[in-house]
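Chemist: Mind looking over this structure? Questions follow.
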Amino acid sequence: MSRRAGTAGSQSSLREANRQLVAETVKRYGGLTQVELAEATGLSQATVSTIVRELYAAGVVDTVATTRSGRRAQMVTLARRVGLAAGIQIGHRNLRVALGDFSHEILAEQTLPLPVEHRVDTTLDRVALLVVDLLERVGASLEDIVGMGVGVPAPVDSATGMISVEGIMPGWDDVHLGQVLSKRLGLPVYVDNDANLAAFAEFSAGAARDRADCLFLRASYGVGAGIVLGGQVLRGFAGTAGEIGHLTVRPDGELCRCGRRGCLDTVVGAGALLEAVGPVPGIASLRDIVQRANQGDERCGDVVAEAGAAIGAALAGLVLAVNPQVVVVGGELSETGETLVAPLRAALLRHALPNRIAPLEVVRASLGTRAEMVGALALAVQSTDVPLRVEETVDVEGLG
């Protein structure tokens, strides 16, 4: 092979690599201007402009006029024709399903209540039916979905998609969730712990967007944490990182679902909070406690505040171990706002080592209770390679 041929081949490979870099960078951020793309990729603005034109002609990206700092710019997003993603959050009492595109826009979503100790087979049936229903709503089909992300309230071994600790979700322990859903729908399926997904969502597009490190605290029917360090979710071996709900806080306490006694979940989980409130007409669920607390019910407010203080004290050890820039508080209990967050923040700062150079921030999740679902969508998108050409192409005439 001549030197000229070798050089031509190298240049062709470099152009292909640069196109992939630009496409993957757009995927990561959802949408960037060409100037921002140049900064994010390290490529020259002229190179980025050429690549955007090529990807536009190949049907991979769309562009729209926008402004940045008062100047005209071209916003680049991945085209909807590249495909859709599905995001699923399977909770203890709720099921959330959403469809989104590669620009991180949610196109349709649906929430359904679930019975206590819901069965794995019927729940996964509902997931499949809801996905099909949402596709019909937006005029799409299963062939348009490139992947599905699923979040569950239990530690997950990402290599197998199985729950890695027995007893957390009774009846779900031996089920390959990803494989089951993949066979039913014919799609790639990626499964993770819900707090991990929420942490990634808040890091990517929420309250921790400008931080490299964050810790997401999910206070709901149980308690869990998701950890993002250096922009990467820390899952640990077989997915048990951040499972503070099963940190022993009362050695002689109540029996937990995991089989041990006195876990944090037995003190601040939904069952414990309902017991602490006592038999009160109209209060039968965690949602009722949250609503009453927000309406000024003193008893419910006190119970939520006490839970916040207990969570903050337990969380301090994890904060000391990973030293995040910010703690983001989410989950259903966070809907009570500072009723939960203020005592949680006070207890956390009281027990953690104070850092005068970079004081720890404790804030509410900006994505609310949708963070887990948004994270599930992001998991599906980030797990999918962007094609450099799709069947339907467009005319580049007029593209600036």
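Note on naming: chains are A, B, ... as they come in the structure tokens, residues start from 1 per chain, ligands start from 1 in the order shown.
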Determine which residues of range 74-314 of chain A DSSP labels as helix (DSSP H, G or I) from the backbone of this structure, then write them out as a compact mmCIF listing (two decimals) with C-alpha atoms, in the first residue's frame.
Modeler:
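Generated file (part-v4.txt):
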# COMPACT_ATOMS: atom_id res chain seq x y z
CA ARG A 80 -36.25 12.50 16.08
CA ARG A 81 -35.92 10.09 13.15
CA VAL A 82 -32.83 8.64 14.88
CA VAL A 120 -43.61 -9.15 38.84
CA ASP A 121 -45.53 -10.77 35.96
CA THR A 122 -48.55 -8.47 36.09
CA THR A 123 -46.38 -5.38 36.56
CA LEU A 124 -44.20 -6.18 33.57
CA ASP A 125 -47.37 -6.86 31.55
CA ARG A 126 -48.55 -3.37 32.46
CA VAL A 127 -45.21 -1.92 31.41
CA ALA A 128 -45.46 -3.55 27.98
CA LEU A 129 -49.06 -2.43 27.49
CA LEU A 130 -48.33 1.16 28.54
CA VAL A 131 -45.36 1.41 26.20
CA VAL A 132 -47.53 0.30 23.27
CA ASP A 133 -50.30 2.71 24.31
CA LEU A 134 -47.89 5.66 24.47
CA LEU A 135 -46.44 4.76 21.07
CA GLU A 136 -49.93 4.84 19.58
CA ARG A 137 -50.48 8.21 21.24
CA VAL A 138 -47.46 9.76 19.50
CA LEU A 142 -42.01 -0.44 18.56
CA GLU A 143 -39.57 -0.31 15.65
CA ASP A 144 -38.97 3.37 16.46
CA LEU A 177 -36.02 -8.11 34.35
CA GLY A 178 -34.16 -6.88 31.29
CA GLN A 179 -34.40 -10.22 29.52
CA VAL A 180 -38.12 -10.61 30.25
CA LEU A 181 -39.02 -7.16 28.93
CA SER A 182 -36.65 -7.49 26.00
CA LYS A 183 -38.37 -10.72 24.89
CA ARG A 184 -41.85 -9.23 25.30
CA LEU A 185 -41.13 -6.07 23.33
CA ASP A 194 -33.94 4.09 40.80
CA ALA A 195 -31.75 6.30 43.02
CA ASN A 196 -28.83 5.83 40.62
CA LEU A 197 -31.04 6.90 37.73
CA ALA A 198 -32.36 9.92 39.62
CA ALA A 199 -28.80 10.91 40.56
CA PHE A 200 -27.77 10.80 36.91
CA ALA A 201 -30.85 12.80 35.86
CA GLU A 202 -30.25 15.54 38.45
CA PHE A 203 -26.56 15.60 37.50
CA SER A 204 -27.34 15.83 33.77
CA ALA A 205 -30.32 18.15 33.75
CA PHE A 237 -19.81 -4.30 42.91
CA ALA A 238 -23.18 -5.87 41.97
CA GLY A 239 -24.96 -2.55 42.55
CA ILE A 244 -28.23 3.63 53.10
CA GLY A 245 -31.78 2.44 53.74
CA HIS A 246 -30.19 -0.74 55.02
CA ASP A 265 -35.86 1.98 56.35
CA THR A 266 -37.55 0.60 59.47
CA VAL A 267 -37.27 4.06 61.06
CA VAL A 268 -38.08 6.43 58.17
CA ALA A 270 -43.48 4.62 54.74
CA GLY A 271 -44.60 1.95 57.22
CA ALA A 272 -42.69 3.54 60.08
CA LEU A 273 -44.05 7.01 59.30
CA LEU A 274 -47.63 5.77 59.16
CA GLU A 275 -47.15 4.05 62.50
CA ALA A 276 -45.66 7.22 63.98
CA VAL A 277 -48.62 9.31 62.81
CA LEU A 286 -47.23 8.07 52.37
CA ARG A 287 -48.99 10.38 49.92
CA ASP A 288 -51.55 11.23 52.62
CA ILE A 289 -48.80 12.16 55.07
CA VAL A 290 -47.13 14.40 52.49
CA GLN A 291 -50.39 16.15 51.65
CA ARG A 292 -51.34 16.68 55.30
CA ALA A 293 -47.88 18.01 56.13
CA ASN A 294 -48.13 20.50 53.25
CA GLU A 298 -48.66 19.54 62.88
CA ARG A 299 -48.45 15.82 63.62
CA CYS A 300 -47.56 14.88 60.05
CA GLY A 301 -45.12 17.77 59.82
CA ASP A 302 -43.33 16.66 62.99
CA VAL A 303 -43.09 13.05 61.75
CA VAL A 304 -41.58 14.20 58.44
CA ALA A 305 -39.14 16.49 60.25
CA GLU A 306 -38.02 13.69 62.57
CA ALA A 307 -37.48 11.48 59.54
CA GLY A 308 -35.38 14.21 57.93
CA ALA A 309 -33.16 14.45 61.01
CA ALA A 310 -32.67 10.67 61.14
CA ILE A 311 -31.83 10.51 57.44
CA GLY A 312 -29.36 13.39 57.74
CA ALA A 313 -27.51 11.75 60.62
CA ALA A 314 -27.26 8.44 58.73
Chemist: Got a sec: who's within 12 Å of Gln325 in chain A, counting only C-alpha atoms, leaving out chain neighbours fewer than 3 positions off, as a list in words?
Modeler: Phe203, Ala207, Ala208, Arg209, Asp210, Arg211, Ala212, Asp213, Cys214, Leu215, Phe216, Ile227, Val228, Leu229, Gly230, Gly231, Val319, Leu320, Val322, Val328, Asn355, Ile357, Ala358, Pro359, Leu360, Glu361, Val362 and Val363 of chain A
Chemist: Would you mind listing what lies within 9 Å of Gly161 in chain A as JSON, numbers by chain, with only C-alpha atoms counted and same-chain residues fewer than 3 positions away left out?
Modeler: {"A": [156, 157, 158, 164, 175, 176, 177, 178, 179, 189, 190, 191, 192]}
Chemist: Could you give me, as an MDAnalysis selection string, the residues within 10 Å of range 46-49 of chain A, counting only C-alpha atoms and dropping anything in the same chain fewer than 4 positions from it?
Modeler: chainID A and resid 15 18:19 22 34:39 41:42 53:54 74 400
Chemist: Suppose we keep N, CA, C and O atoms; can you now write the selection as a compact mmCIF listing (two decimals), in the first residue's frame?
Modeler:
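part00.txt, freshly written:
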# COMPACT_ATOMS: atom_id res chain seq x y z
N ARG A 15 -11.99 11.53 10.02
CA ARG A 15 -13.27 12.22 9.77
C ARG A 15 -14.42 11.42 10.37
O ARG A 15 -15.35 12.00 10.97
N ASN A 18 -14.38 11.87 14.11
CA ASN A 18 -14.85 13.20 14.49
C ASN A 18 -16.36 13.32 14.35
O ASN A 18 -17.02 13.97 15.17
N ARG A 19 -16.92 12.70 13.31
CA ARG A 19 -18.39 12.70 13.17
C ARG A 19 -19.04 11.97 14.34
O ARG A 19 -20.04 12.43 14.89
N VAL A 22 -18.87 14.20 17.48
CA VAL A 22 -19.87 15.27 17.49
C VAL A 22 -21.26 14.69 17.79
O VAL A 22 -22.01 15.23 18.62
N GLN A 34 -23.22 25.24 17.73
CA GLN A 34 -21.99 24.81 17.09
C GLN A 34 -20.77 25.33 17.85
O GLN A 34 -19.75 24.64 17.93
N VAL A 35 -20.85 26.52 18.40
CA VAL A 35 -19.74 27.05 19.21
C VAL A 35 -19.54 26.18 20.44
O VAL A 35 -18.40 25.84 20.80
N GLU A 36 -20.64 25.81 21.11
CA GLU A 36 -20.54 24.95 22.29
C GLU A 36 -20.02 23.57 21.93
O GLU A 36 -19.27 22.95 22.70
N LEU A 37 -20.40 23.07 20.74
CA LEU A 37 -19.89 21.79 20.29
C LEU A 37 -18.38 21.83 20.09
O LEU A 37 -17.66 20.89 20.43
N ALA A 38 -17.90 22.92 19.53
CA ALA A 38 -16.45 23.07 19.35
C ALA A 38 -15.74 23.06 20.69
O ALA A 38 -14.69 22.42 20.86
N GLU A 39 -16.31 23.75 21.68
CA GLU A 39 -15.69 23.80 23.00
C GLU A 39 -15.72 22.43 23.66
O GLU A 39 -14.75 22.01 24.30
N THR A 41 -15.92 19.41 22.24
CA THR A 41 -15.19 18.36 21.53
C THR A 41 -13.72 18.67 21.33
O THR A 41 -12.92 17.75 21.08
N GLY A 42 -13.35 19.95 21.40
CA GLY A 42 -11.97 20.34 21.12
C GLY A 42 -11.69 20.49 19.64
O GLY A 42 -10.54 20.75 19.24
N ARG A 53 -23.12 19.83 8.93
CA ARG A 53 -23.75 19.79 7.61
C ARG A 53 -23.84 18.35 7.10
O ARG A 53 -24.86 17.93 6.55
N GLU A 54 -22.78 17.57 7.33
CA GLU A 54 -22.78 16.18 6.88
C GLU A 54 -23.81 15.35 7.64
O GLU A 54 -24.53 14.54 7.04
N GLN A 74 -26.72 28.46 15.85
CA GLN A 74 -27.44 27.28 15.39
C GLN A 74 -27.43 26.23 16.50
O GLN A 74 -26.37 25.74 16.89
N GLY A 400 -27.19 26.79 7.60
CA GLY A 400 -26.08 27.71 7.83
C GLY A 400 -25.01 27.12 8.70
O GLY A 400 -25.10 26.02 9.15
Chemist: Go ahead and compute the interatomic distance for CA of Gly375 in chain A and CA of Ile88 in chain A, in Å to one decimal.
Modeler: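 Straight-line distance from CA of Gly375 in chain A to CA of Ile88 in chain A works out to 9.1 Å.
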Chemist: Just list as a ChimeraX atom specification whatever in range 67-251 of chain A DSSP marks as strand (DSSP E).
Modeler: /A:67-68,71-78,84-90,94-101,106-113,145-152,156-157,162-163,189-193,214-219,223-229,232-233
Chemist: For Arg96 in chain A, which of A:Thr248, A:Thr50, A:Thr369, A:Asn193 is the closest residue, counting only C-alpha atoms?
Modeler: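 Under the stated criterion, the closest residue is A:Thr369.
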Chemist: Could you list, as a PyMOL selection string, every residue within 10 Å of Leu32 in chain A, counting only C-alpha atoms and ignoring same-chain residues fewer than 3 positions away?
Modeler: chain A and resi 25-29+35-38+40+63+73-77+103
Chemist: Between CA of Leu217 in chain A and CA of Val329 in chain A, measure the distance and give it in Å to one decimal.
Modeler: 4.8 Å
Chemist: For range 93-95 of chain A, list every protein, DNA or RNA residue within 10 Å, evaluated using only C-alpha atoms, and leave out those in the same chain fewer than 6 positions away; present the list as a list in words.
Modeler: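 In the requested form, the answer reads Gln110, Thr111, Leu112, Pro113, Leu114, Pro115, Val116, Glu117, His118, Thr123, Arg126, Val127, Leu130, Val152, Tyr221, Ser285, Leu286 and Met373 of chain A.
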Chemist: I need the residue nearest Val52 in chain A from this list: A:Gly206, A:Arg72, A:Gly236, A:Ala79. Use only C-alpha atoms for the distance.
Modeler: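 Among A:Gly206, A:Arg72, A:Gly236, A:Ala79, it is A:Ala79 that comes nearest to Val52 in chain A.
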